[in-house]
Structures are given as C-alpha cells and as structure tokens.
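Reading through the structure tokens given below for one structure.
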Amino acid sequence: MHKSVRQSMAWLHSWLGLSFGWLLFAIFLTGAVTYYRHEITMWMQPQFASMQVNQDTAVKTAYQYLQQHAADAQHWYIGVAHPAAPVNKIYWQTPDGHYEMRTLDASTGRELTLSATQGGDFFYNFHFQLYGLPYTIGRLMVTIAAFIMLITLISGIITHKKILTDFFTLRTFKGQRSYLDFHNVSSVIALPFFLTITFTGLAIFFYIILPSGMKKVYPEHPFQYFEDIQTVNGSAISTAPVKSNMLPVQHFTTTVQQHWGKTEFESITVKQPNTQLAQITFTELKDHSITRNQAQLTFNATTGKLLKNTRNDSAIATLNAGVYGLHMARFADPVLRLALFFSGLLGCAMIASGLLLWSLKRQMQKKSVRFHLGYYLVNRLNISIILGLPLAMLGYLYANRLINIPAGAPNYEIYSFFIIWIGSFMLACLMPQQHLWKTQLKVLMGAAFMLPLIDMYYLVSQHDIDSFKSYWPFLRIDLMLWLLALLAYFLHQNIHPIQQKAVRKIQTKLKTVQQGSSS
Amino acid sequence: MISISMIQPLAVLYRLGICFGMGYLGSDLIARDLAYFLQAYFPKAESVYLAAFIALIFYICFVIGTFCIQSLKKLSVYGLVPIILLFILSHFTG
C-alpha cells in the first residue's frame with residue numbers, strides 16, 4: 001500500500017484523525033473545562049457562593065436527615081459540603097434496591113429545591129458519556145475515540161522523524177505551513193499529557209471494550225470485580241443483619257479528628273445502617289497522593305470500634321486507582337490544575353489544526369474548481385465543532401443568566417446548548433466559504449466579551465455580591481471568557497491572511513494545470 | 001478483470017479489518033485467557049485488571065505493528081496466526 005513505515009503511519013494518522021477528530025475535539029474541550037466544574041457550578045448557582053460551610057454541622061444535619069428518612073436503607077452516602085460545593089449531596093439505596101438522591105442545606109439539613117441547572121457537571125458527563133445517548137453507548141463511543149486518539153498520537157510520533165526540529169519551527173501566517181507547524185508545536189509541548197490522559201481514559205473504561213476477563217473470572221456477577229478491586233473482604237460478611245442503634249455521628253467525627261487532626265471530609269458512607277453490622281467510613285477531602293488514595297477510617301457504627309483498613313492496597317489495585325487519579329487529577333493544586341487545563345486546550349488546538357491542515361491540503365491538491373461534497377462537509381463540520389462548540393458552551397452559560405429554571409422544569413440551558421450548536425452548523429452550511437470563519441468568530445468574540453458584563457449586571461441586581469471577595473468566584477470565570485474573546489479576536493485578524501495565501505496558491509496551481517492541458 | 005481502482009479500497013478495507021478487527025479479537029482473548037491464568041498468582045480482581053491492562057497494550061502494539069507491514073500476504077500471516085493460537089489456547093481454558 002505504502003512504500004515506507006512513515007508513509008503508512010502518515011496515512012493512518014491523517015485518516016483516523018479526520019474520522020474521529022470532531023468527537024475528540026468535543027471530548028478534549030469538555031474535559032478541559034471539567035477541571036473547573038465545581039467553579040462553573042458555583043458560577044451558575046450564585047446562591048452557593050454566599051453559603052458558609054461548617055462541616056461539623058453539615059455532617060450532623062445530613063446524618064439526622066438520613067436517620068429520619070432512610071433508616072432502613074441498605075446503604076447511605078453523604079457527599080459532605082465543602083467550600084467548593086457548599087451543599088450536602090446524599091443518596092441511599094432503599095431495601096428494594098432503588099436509589100434516592102437529595103441535595104440538602106448544609107446548615108439546616110432541609111431539602112434544597114435549587115434551579116434545575118446541572119452546572120459544570122453537564123460538561124463532566126458530556127466528556128465521558130456524551131449526552132442523550134444510553135450510558136453504555138456513550139461510554140463505548142468515548143472509549144473507542146480514546147483508543148483512536150492513542151493510535152493517532154503514536155502514528156504521529158513515528159511520522160515526524162525530526163520531532164525536535166519541528167518543535168522549534170513555527171512559520172507564522174504562511175498558509176498550509178503555519179497549520180502544520182502549529183500542529184507539531186502544540187502536539188509536542190504537551191505530548192506526555194496527551195499520552196497519559198488518553199491511555200488512562202482508555203484504561204478506566206477497559207470493562208466496556210474488554211469485558212471478557214470479568215465474565216470469565218466472575219461468571220455469576222461480573223460487577224463484583226469493582227467491589228473487589230477497591231476493598232478487601234468486601235463480601236465476607238455472612239451473618240444476617242439484626243436491628244441495632246448506631247452511635248451518634250459526633251462520636252465518630254471526634255475520633256477521626258484525634259487521628260487526622262482538624263481536616264475536611266469528602267464523604268461519609270454507611271453500609272447496612274441501623275444494624276449490628278453497620279460500618280461507617282470517613283474519607284478525607286484532600287488527596288495527598290496521585291493514586292486517588294485519600295485517607296480513610298472505618299468504624300463499626302454500633303460499637304464504635306475502629307475496624308481494619310478495608311481498602312485494597314495491592315500493587316495492581318493501586319495501579320487501577322492511579323489510573324483514575326492521574327486522569328482526574330484531584331491531587332492537583334491550583335497552579336498544576338491551571339497547567340492541566342491549558343494542556344487540555346492545547347489538545348483542542350492540536351486537533352483543530354490537524355483538521356484544518358487536512359482540509360487545506362486536500363483543497364490544494366484538487367485539480368478542478370468543481371463542487372466536492374466531501375470537502376464541503378469537512379469544512380462545515382470543522383467550523384461547527386471548532387467554533388460552534390465554544391459558542392454552544394457560551395449559550396449554555398447565557399441561558400443560565402437569562403432564563404430562570406425552577407426545580408423540576410425542563411433544562412432550557414441544555415436545550416440552548418444543542419440549539420446553538422446545531423444553529424452554528426446550519427449557519428456554516430448556508431454561508432459562502434470566504435465569510436465562514438469571520439462571521440462565527442465575530443459572534444464568538446461578541447458573545448464572550450458581553451457575557452461577563454451581563455453577569456456583573458445580574459449579580460448586582462440580584463444582590464449576590466457586595467464586595468470584591470464575594471465577586472471573585474464569578475470574576476475568575478469571567479476573566480477566562482474575556483481571554484476567549486481575545487483569542488477569537490486574534491484568530492479573526494489572522495485567519496484570513498492564512499486562507500488568502502492558500503487560495504492564491506490553489507489558483508496559481510489551477511492556472512498552471514489549465515495552461516498545461518490547453519497547450 | 002478487476003481494475004486497480006477497485007482493488008485499492010478493498011485492500012485498505014482488508015488491512016483495516018485485520019489491524020483493528022483481528023487486533024480486537026486477539027486482545028479480547030488475551031484479556032480472557034490471561035485473567036484465567038493469572039488467578040494462580042493474584043486475587044481475582046487483580047488478575048482481571050492486569051490481564052485487561054496487558055490486552056490494551058497488546059491491541060495498540062498490534063494495530064501499529066500490523067499497519068507497518070506492506071505486503072498483504074505477510075499481513076494476513078502475522079495478523080491471523082497469533083489470533084488462531086490464542087483461540088486454540090482459549091479452548092483449553094474453557
């Protein structure tokens with residue numbers, strides 16, 4: 001098929017990249033913003049920002065709520081309120097196996113009926129299971145995309161034999177060469193990040209693409225694997241549960257603080273509550289490791305006895321936890337998190353420049369000016385993903401500020417997201433080629449610039465801010481939006497010269513071909 | 001007679017089928033067989049995870065490796081032989 005290994009790899013790199021590039025761009029962009037999902041949720045629910053969290057009260061009120069409403073449950077989970085997410089998120093498993101979820105006020109323990117917004121969780125869920133698809137299908141698509149990304153990265157590395165020279169070469173505003181150089185530079189800068197994030201993403205969902213091992217070893221209950229890889233002797237209890245009163249939660253929080261000192265909790269779980277087998281587990285908020293290995297303490301909830309650590313600490317279980325830890329980067333401090341966020345954006349830039357390069361290269365190789373459906377579609381899909389997706393994300397934030405969605409109402413924010421995304425594609429289909437980028441870049445620039453101003457007006461009119469300190473949780477997102485507006489402005493000013501140079505080259509080439517055929 | 005313009009896409013399709021299809025089949029068999037054998041040395045969950053981890057690495061190497069082979073005949077041999085061997089092995093593990 002091809003004469004050399006590098007040619008084979010270049011073919012694989014360009015065609016796989018094109019086939020999955022649009023999906024990968026969406027996964028990378030939503031993944032990058034997921035590093036700040038709690039901050040986005042807080043931006044979208046301004047009432048969160050003014051809530052003061054006292055974890056002792058939060059734990060006590062959530063525990064009391066569950067005692068009153070779910071005393072006979074099989075399992076309790078309390079996601080304890082903390083400054084980044086200042087409400088208690090609880091769920092429990094009813095005796096018939098169903099799950100119930102509630103959001104509670106951390107101070108009073110009352111059920112909260114907040115707006116139906118999903119906040120940053122929408123991007124988080126979209127990142128790994130897309131939206132509107134059944135979970136398994138969405139996750140399978142994302143896993144296949146991760147695999148293709150890994151193959152594309154490796155084939156890209158093999159293709160570029162002069163990877164170091166490429167790294168120091170950036171010919172700006174020179175048509176096709178600029179796209180290629182930018183593609184190379186953006187790929188090489190964050191290559192370790194891309195390889196890590198892609199492989200860990202693939203390994204997290206191994207059970208979707210390679211479930212045969214689980215089925216072979218656990219023929220009856222394949223999902224028992226998840227219990228076993230996290231805990232040791234998780235299913236060893238064979239005694240029948242008998243009703244028994246649990247100790248007050250303050251008893252445990254005091255004991256935990258004797259072990260850890262003053263610290264914050266991430267979650268509290270109770271297995272078989274209100275029985276003699278009840279086990280209460282406290283998990284610390286701060287992750288001091290890269291292996292998602294926060295400190296844990298487990299007690300018998302009726303006797304108060306500290307139980308042996310049940311976490312599976314074997315090397316392979318730690319590898320499994322490390323894969324999650326590296327992908328989610330819960331350990332990252334603010335500076336590292338910002339670096340990871342920008343690495344994610346570099347991934348988007350790498351994919352976008354690759355897609356544009358493919359399109360421009362094919363246009364330049366064309367020997368006639370006849371309409372070609374394939375190139376037309378690639379061009380339009382490029383713009384509706386590269387600019388349409390950020391526009392849709394802005395639309396999601398705009399909807400939050402302009403429409404009030406009460407609890408239980410349809411989520412118009414998500415509707416806005418998809419309507420704007422589809423609108424961007426339709427606009428791209430109807431626009432002539434020469435106005436394509438400039439029009440949507442103007443819209444993006446204007447929308448990103450205006451949103452912080454609308455946000456400020458909204459917050460002041462709703463009395464959600466009264467000082468710079470109370471404004472800061474919103475301003476940090478607004479600053480990012482202005483940065484996006486600035487990037488859109490830069491592209492608006494510079495994308496046209498690059499395209500013009502490429503068009504001139506195409507026209508010269510076509511003239512030469514025509515002259516050659518007529519003579 | 002079949003023209004070269006028809007053979008080319010069929011050859012590409014065959015190549016993709018061997019690389020990705022056979023590669024997947026091989027990885028699936030590795031994940032299954034290795035999980036079974038590793039149980040002798042590790043607990044159940046660990047054997048499943050380690051087997052799947054190795055199978056994923058095998059899949060990536062298989063796709064890249066087989067895509068570098070130019071001749072379709074060689075590709076068929078290098079692609080199919082390991083899969084047949086793994087398939088036979090999986091018959092012994094039940």
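In the structure tokens, the first chain shown is A, the next is B, and so on; residue numbers restart at 1 for each chain, and ligands run from 1 in the order shown.
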Shell of 9 Å around region 39-50 of chain A, only C-alpha atoms, local chain residues under 4 positions omitted, as a PDB file with N, CA and C atoms, in the first residue's frame:
ATOM      1  N   VAL A  33     -12.533  21.859  30.518  1.00  0.00           N
ATOM      2  CA  VAL A  33     -13.320  22.723  31.422  1.00  0.00           C
ATOM      3  C   VAL A  33     -13.788  21.958  32.663  1.00  0.00           C
ATOM      4  N   THR A  34     -13.780  20.618  32.561  1.00  0.00           N
ATOM      5  CA  THR A  34     -14.170  19.805  33.723  1.00  0.00           C
ATOM      6  C   THR A  34     -13.218  19.997  34.905  1.00  0.00           C
ATOM      7  N   TYR A  35     -11.958  20.400  34.623  1.00  0.00           N
ATOM      8  CA  TYR A  35     -11.040  20.678  35.738  1.00  0.00           C
ATOM      9  C   TYR A  35     -11.610  21.760  36.651  1.00  0.00           C
ATOM     10  N   PRO A  83     -16.151  24.109  50.858  1.00  0.00           N
ATOM     11  CA  PRO A  83     -16.253  25.441  50.242  1.00  0.00           C
ATOM     12  C   PRO A  83     -16.506  25.429  48.733  1.00  0.00           C
ATOM     13  N   ALA A  84     -15.938  24.457  47.980  1.00  0.00           N
ATOM     14  CA  ALA A  84     -16.143  24.449  46.521  1.00  0.00           C
ATOM     15  C   ALA A  84     -17.539  23.958  46.137  1.00  0.00           C
ATOM     16  N   ALA A  85     -18.157  23.130  46.990  1.00  0.00           N
ATOM     17  CA  ALA A  85     -19.520  22.636  46.723  1.00  0.00           C
ATOM     18  C   ALA A  85     -20.284  22.689  48.051  1.00  0.00           C
ATOM     19  N   PRO A  86     -20.842  23.861  48.383  1.00  0.00           N
ATOM     20  CA  PRO A  86     -21.304  24.079  49.766  1.00  0.00           C
ATOM     21  C   PRO A  86     -22.682  23.501  50.118  1.00  0.00           C
ATOM     22  N   VAL A  87     -23.069  22.406  49.516  1.00  0.00           N
ATOM     23  CA  VAL A  87     -24.314  21.725  49.897  1.00  0.00           C
ATOM     24  C   VAL A  87     -24.023  20.242  50.110  1.00  0.00           C
ATOM     25  N   LEU A 114     -33.169  23.795  44.376  1.00  0.00           N
ATOM     26  CA  LEU A 114     -32.420  24.765  43.570  1.00  0.00           C
ATOM     27  C   LEU A 114     -32.898  24.683  42.132  1.00  0.00           C
ATOM     28  N   SER A 115     -32.414  25.581  41.290  1.00  0.00           N
ATOM     29  CA  SER A 115     -32.796  25.524  39.882  1.00  0.00           C
ATOM     30  C   SER A 115     -32.291  24.210  39.278  1.00  0.00           C
ATOM     31  N   THR A 117     -30.448  23.526  37.006  1.00  0.00           N
ATOM     32  CA  THR A 117     -29.169  23.564  36.294  1.00  0.00           C
ATOM     33  C   THR A 117     -28.265  22.390  36.679  1.00  0.00           C
ATOM     34  N   GLN A 118     -27.517  21.915  35.685  1.00  0.00           N
ATOM     35  CA  GLN A 118     -26.551  20.856  36.001  1.00  0.00           C
ATOM     36  C   GLN A 118     -25.170  21.451  36.244  1.00  0.00           C
ATOM     37  N   GLY A 119     -25.040  22.744  35.984  1.00  0.00           N
ATOM     38  CA  GLY A 119     -23.763  23.420  36.223  1.00  0.00           C
ATOM     39  C   GLY A 119     -22.632  22.764  35.434  1.00  0.00           C
ATOM     40  N   GLY A 120     -21.456  22.705  36.069  1.00  0.00           N
ATOM     41  CA  GLY A 120     -20.288  22.116  35.417  1.00  0.00           C
ATOM     42  C   GLY A 120     -20.418  20.619  35.213  1.00  0.00           C
ATOM     43  N   ASP A 121     -21.327  19.976  35.930  1.00  0.00           N
ATOM     44  CA  ASP A 121     -21.492  18.527  35.785  1.00  0.00           C
ATOM     45  C   ASP A 121     -21.963  18.143  34.386  1.00  0.00           C
ATOM     46  N   LEU A 397     -24.147  29.030  29.206  1.00  0.00           N
ATOM     47  CA  LEU A 397     -23.948  29.981  30.308  1.00  0.00           C
ATOM     48  C   LEU A 397     -24.907  31.173  30.182  1.00  0.00           C
ATOM     49  N   ASN A 400     -28.288  30.361  31.437  1.00  0.00           N
ATOM     50  CA  ASN A 400     -28.337  30.370  32.903  1.00  0.00           C
ATOM     51  C   ASN A 400     -28.619  31.758  33.450  1.00  0.00           C
ATOM     52  N   ARG A 401     -28.033  32.761  32.823  1.00  0.00           N
ATOM     53  CA  ARG A 401     -28.213  34.124  33.322  1.00  0.00           C
ATOM     54  C   ARG A 401     -29.528  34.751  32.826  1.00  0.00           C
ATOM     55  N   LEU A 459     -25.571  39.887  38.822  1.00  0.00           N
ATOM     56  CA  LEU A 459     -25.174  39.678  40.221  1.00  0.00           C
ATOM     57  C   LEU A 459     -25.504  40.900  41.084  1.00  0.00           C
ATOM     58  N   ASP A 464     -26.304  39.431  44.796  1.00  0.00           N
ATOM     59  CA  ASP A 464     -25.483  38.256  45.103  1.00  0.00           C
ATOM     60  C   ASP A 464     -24.054  38.635  45.472  1.00  0.00           C
ATOM     61  N   ILE A 465     -23.655  39.880  45.147  1.00  0.00           N
ATOM     62  CA  ILE A 465     -22.284  40.298  45.502  1.00  0.00           C
ATOM     63  C   ILE A 465     -22.339  41.642  46.234  1.00  0.00           C
ATOM     64  N   SER A 470     -16.650  38.667  47.433  1.00  0.00           N
ATOM     65  CA  SER A 470     -17.819  37.869  47.030  1.00  0.00           C
ATOM     66  C   SER A 470     -17.960  37.812  45.510  1.00  0.00           C
ATOM     67  N   TYR A 471     -17.294  38.758  44.803  1.00  0.00           N
ATOM     68  CA  TYR A 471     -17.360  38.778  43.333  1.00  0.00           C
ATOM     69  C   TYR A 471     -16.334  37.826  42.716  1.00  0.00           C
ATOM     70  N   PRO A 473     -15.429  34.595  42.974  1.00  0.00           N
ATOM     71  CA  PRO A 473     -15.824  33.298  42.392  1.00  0.00           C
ATOM     72  C   PRO A 473     -16.432  33.430  40.985  1.00  0.00           C
ATOM     73  N   PHE A 474     -17.013  34.586  40.686  1.00  0.00           N
ATOM     74  CA  PHE A 474     -17.615  34.804  39.364  1.00  0.00           C
ATOM     75  C   PHE A 474     -16.591  35.422  38.407  1.00  0.00           C
ATOM     76  N   LEU A 475     -15.792  36.331  38.966  1.00  0.00           N
ATOM     77  CA  LEU A 475     -14.828  37.059  38.136  1.00  0.00           C
ATOM     78  C   LEU A 475     -13.803  36.119  37.504  1.00  0.00           C
ATOM     79  N   ARG A 476     -13.401  35.075  38.238  1.00  0.00           N
ATOM     80  CA  ARG A 476     -12.361  34.165  37.706  1.00  0.00           C
ATOM     81  C   ARG A 476     -12.863  33.461  36.424  1.00  0.00           C
ATOM     82  N   ILE A 477     -14.157  33.142  36.387  1.00  0.00           N
ATOM     83  CA  ILE A 477     -14.728  32.544  35.155  1.00  0.00           C
ATOM     84  C   ILE A 477     -14.845  33.635  34.085  1.00  0.00           C
TER      85      ILE A 477
END
- request: Fewer than 5 positions away in the same chain doesn't count, so skip those; otherwise give me all residues within 10 Å of Pro241 (chain A), counting only C-alpha atoms, as a ChimeraX atom specification.
  value: /A:272-278
Residues of the last selection are to be written out with N, CA and C atoms, as a compact mmCIF listing (two decimals), in the first residue's frame.
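Below is the file again_26.txt, written as the result:
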# COMPACT_ATOMS: atom_id res chain seq x y z
N GLN A 272 -25.20 -0.96 55.58
CA GLN A 272 -26.20 -1.61 56.43
C GLN A 272 -26.50 -0.80 57.70
N PRO A 273 -26.93 0.46 57.53
CA PRO A 273 -27.16 1.32 58.70
C PRO A 273 -28.22 0.73 59.65
N ASN A 274 -28.07 1.08 60.92
CA ASN A 274 -29.01 0.67 61.97
C ASN A 274 -29.12 -0.84 62.13
N THR A 275 -28.01 -1.54 61.87
CA THR A 275 -27.94 -2.98 62.17
C THR A 275 -26.63 -3.21 62.93
N GLN A 276 -26.47 -4.41 63.48
CA GLN A 276 -25.23 -4.67 64.24
C GLN A 276 -24.02 -4.74 63.31
N LEU A 277 -24.27 -4.85 61.97
CA LEU A 277 -23.16 -4.93 61.01
C LEU A 277 -22.78 -3.56 60.43
N ALA A 278 -23.46 -2.52 60.86
CA ALA A 278 -23.27 -1.19 60.26
C ALA A 278 -21.81 -0.76 60.30
message: I need the residue nearest chain A from this list: B:Cys68, B:Val81, B:Leu86, B:Ile54. Use only C-alpha atoms for the distance.
response: B:Cys68
Up to 8 Å from chain A, what residues of chain B turn up? Count only C-alpha atoms and give them as a compact mmCIF listing (two decimals) with C-alpha atoms, in the first residue's frame.
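Ended up saving to iface.txt:
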# COMPACT_ATOMS: atom_id res chain seq x y z
CA ALA B 11 -7.06 -3.71 0.15
CA VAL B 12 -7.40 -0.77 2.55
CA SER B 27 -6.98 -8.51 22.85
CA ASP B 28 -10.30 -9.95 23.95
CA LEU B 29 -8.83 -13.47 24.01
CA ALA B 31 -7.91 -10.45 28.47
CA ARG B 32 -9.88 -13.67 28.96
CA ASP B 33 -7.09 -16.24 28.96
CA LEU B 34 -4.63 -14.16 30.94
CA ALA B 35 -7.25 -13.36 33.60
CA TYR B 36 -7.77 -17.12 33.94
CA LYS B 44 -9.46 -12.45 41.14
CA ALA B 45 -9.92 -8.69 40.67
CA GLU B 46 -6.20 -8.07 40.26
CA VAL B 48 -8.82 -9.25 35.66
CA TYR B 49 -7.29 -5.78 35.75
CA LEU B 50 -3.74 -6.84 34.92
CA ALA B 51 -4.97 -9.02 32.04
CA ALA B 52 -7.05 -6.16 30.60
CA PHE B 53 -4.15 -3.71 31.02
CA LEU B 56 -4.90 -2.97 25.84
CA ILE B 60 -2.13 -0.76 20.49
CA VAL B 63 -2.52 -2.11 15.29
CA ILE B 64 0.66 -0.07 14.89
CA PHE B 67 -0.13 -1.38 9.84
CA CYS B 68 3.58 -1.13 9.13
CA ILE B 69 3.55 -4.39 7.13
CA GLN B 70 3.41 -3.58 3.41
CA SER B 71 2.60 -6.96 1.86
task: Using DSSP on the backbone coordinates, identify the residues of region 230-389 of chain A assigned to strand (DSSP E or B); present them as a list in words.
output: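 Matching residues, listed in order: Thr231, Lys243, Phe265, Glu266, Ser267, Ile268, Thr269, Val270, Lys271, Thr275, Gln279, Ile280, Thr281, Phe282, Thr283, Glu284, Gln296, Leu297, Thr298, Phe299, Asn300, Leu306 and Arg311 of chain A.
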Include N, CA and C atoms and write out the residues we just selected as a compact mmCIF listing (two decimals), in the first residue's frame.
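So out-v2.txt came out as:
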# COMPACT_ATOMS: atom_id res chain seq x y z
N THR A 231 -11.91 -2.88 47.67
CA THR A 231 -11.87 -3.28 49.08
C THR A 231 -11.47 -4.74 49.22
N LYS A 243 -31.51 -5.53 63.74
CA LYS A 243 -31.65 -4.09 64.05
C LYS A 243 -30.87 -3.73 65.31
N PHE A 265 -13.80 16.57 55.33
CA PHE A 265 -14.19 15.28 54.79
C PHE A 265 -14.70 15.45 53.37
N GLU A 266 -14.45 14.41 52.56
CA GLU A 266 -15.06 14.40 51.23
C GLU A 266 -16.42 13.70 51.30
N SER A 267 -16.41 12.53 51.96
CA SER A 267 -17.66 11.76 52.02
C SER A 267 -17.71 10.89 53.26
N ILE A 268 -18.93 10.47 53.57
CA ILE A 268 -19.15 9.51 54.65
C ILE A 268 -20.09 8.45 54.08
N THR A 269 -19.73 7.19 54.22
CA THR A 269 -20.64 6.14 53.77
C THR A 269 -21.00 5.24 54.95
N VAL A 270 -22.20 4.73 54.93
CA VAL A 270 -22.62 3.79 55.97
C VAL A 270 -23.23 2.57 55.28
N LYS A 271 -22.62 1.39 55.54
CA LYS A 271 -23.15 0.15 54.98
C LYS A 271 -24.08 -0.47 56.02
N THR A 275 -28.01 -1.54 61.87
CA THR A 275 -27.94 -2.98 62.17
C THR A 275 -26.63 -3.21 62.93
N GLN A 279 -21.29 -0.32 59.13
CA GLN A 279 -19.90 0.17 59.05
C GLN A 279 -19.94 1.59 58.51
N ILE A 280 -19.28 2.49 59.24
CA ILE A 280 -19.25 3.88 58.80
C ILE A 280 -17.81 4.22 58.37
N THR A 281 -17.68 4.78 57.17
CA THR A 281 -16.35 5.10 56.63
C THR A 281 -16.24 6.59 56.35
N PHE A 282 -15.17 7.20 56.86
CA PHE A 282 -14.89 8.62 56.61
C PHE A 282 -13.74 8.73 55.60
N THR A 283 -13.93 9.56 54.58
CA THR A 283 -12.89 9.77 53.57
C THR A 283 -12.47 11.23 53.60
N GLU A 284 -11.16 11.46 53.66
CA GLU A 284 -10.65 12.84 53.74
C GLU A 284 -10.79 13.54 52.39
N GLN A 296 -8.64 7.12 54.80
CA GLN A 296 -9.97 6.59 55.16
C GLN A 296 -9.92 5.96 56.54
N LEU A 297 -11.00 6.08 57.28
CA LEU A 297 -11.13 5.36 58.55
C LEU A 297 -12.51 4.71 58.59
N THR A 298 -12.54 3.44 59.01
CA THR A 298 -13.81 2.72 59.06
C THR A 298 -14.07 2.23 60.49
N PHE A 299 -15.31 2.42 60.96
CA PHE A 299 -15.69 2.00 62.31
C PHE A 299 -16.91 1.09 62.24
N ASN A 300 -17.05 0.25 63.27
CA ASN A 300 -18.35 -0.40 63.45
C ASN A 300 -19.27 0.67 64.02
N LEU A 306 -12.82 0.81 65.94
CA LEU A 306 -12.12 1.13 64.69
C LEU A 306 -11.79 -0.19 63.98
N ARG A 311 -9.43 -1.00 52.51
CA ARG A 311 -9.06 -0.61 51.15
C ARG A 311 -8.07 -1.63 50.56
message: Need the shell around Phe28 (chain A): protein/DNA/RNA residues with any atom at most 8 Å away, counting only C-alpha atoms. Skip same-chain ones fewer than 2 positions apart. Format as a PyMOL selection string?
response: chain A and resi 24-26+30-32+127+344-345+347-348
query: Just how far from CA of Leu29 (chain A) is CA of Ile383 (chain A), in Å to one decimal?
result: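 About the pair CA of Ile383 (chain A) and CA of Leu29 (chain A): they are 14.6 Å apart.
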query: Between B:Ile30, B:Ile18, B:Ile57, B:Ala40, which is the closest to Ile88 (chain B) once you count only C-alpha atoms?
result: B:Ile30
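The shortest atom-to-atom distance to Met22 (chain B), with only C-alpha atoms taken into account, belongs to B:Leu80 out of B:Thr66, B:Leu80, B:Leu72, B:Phe37.
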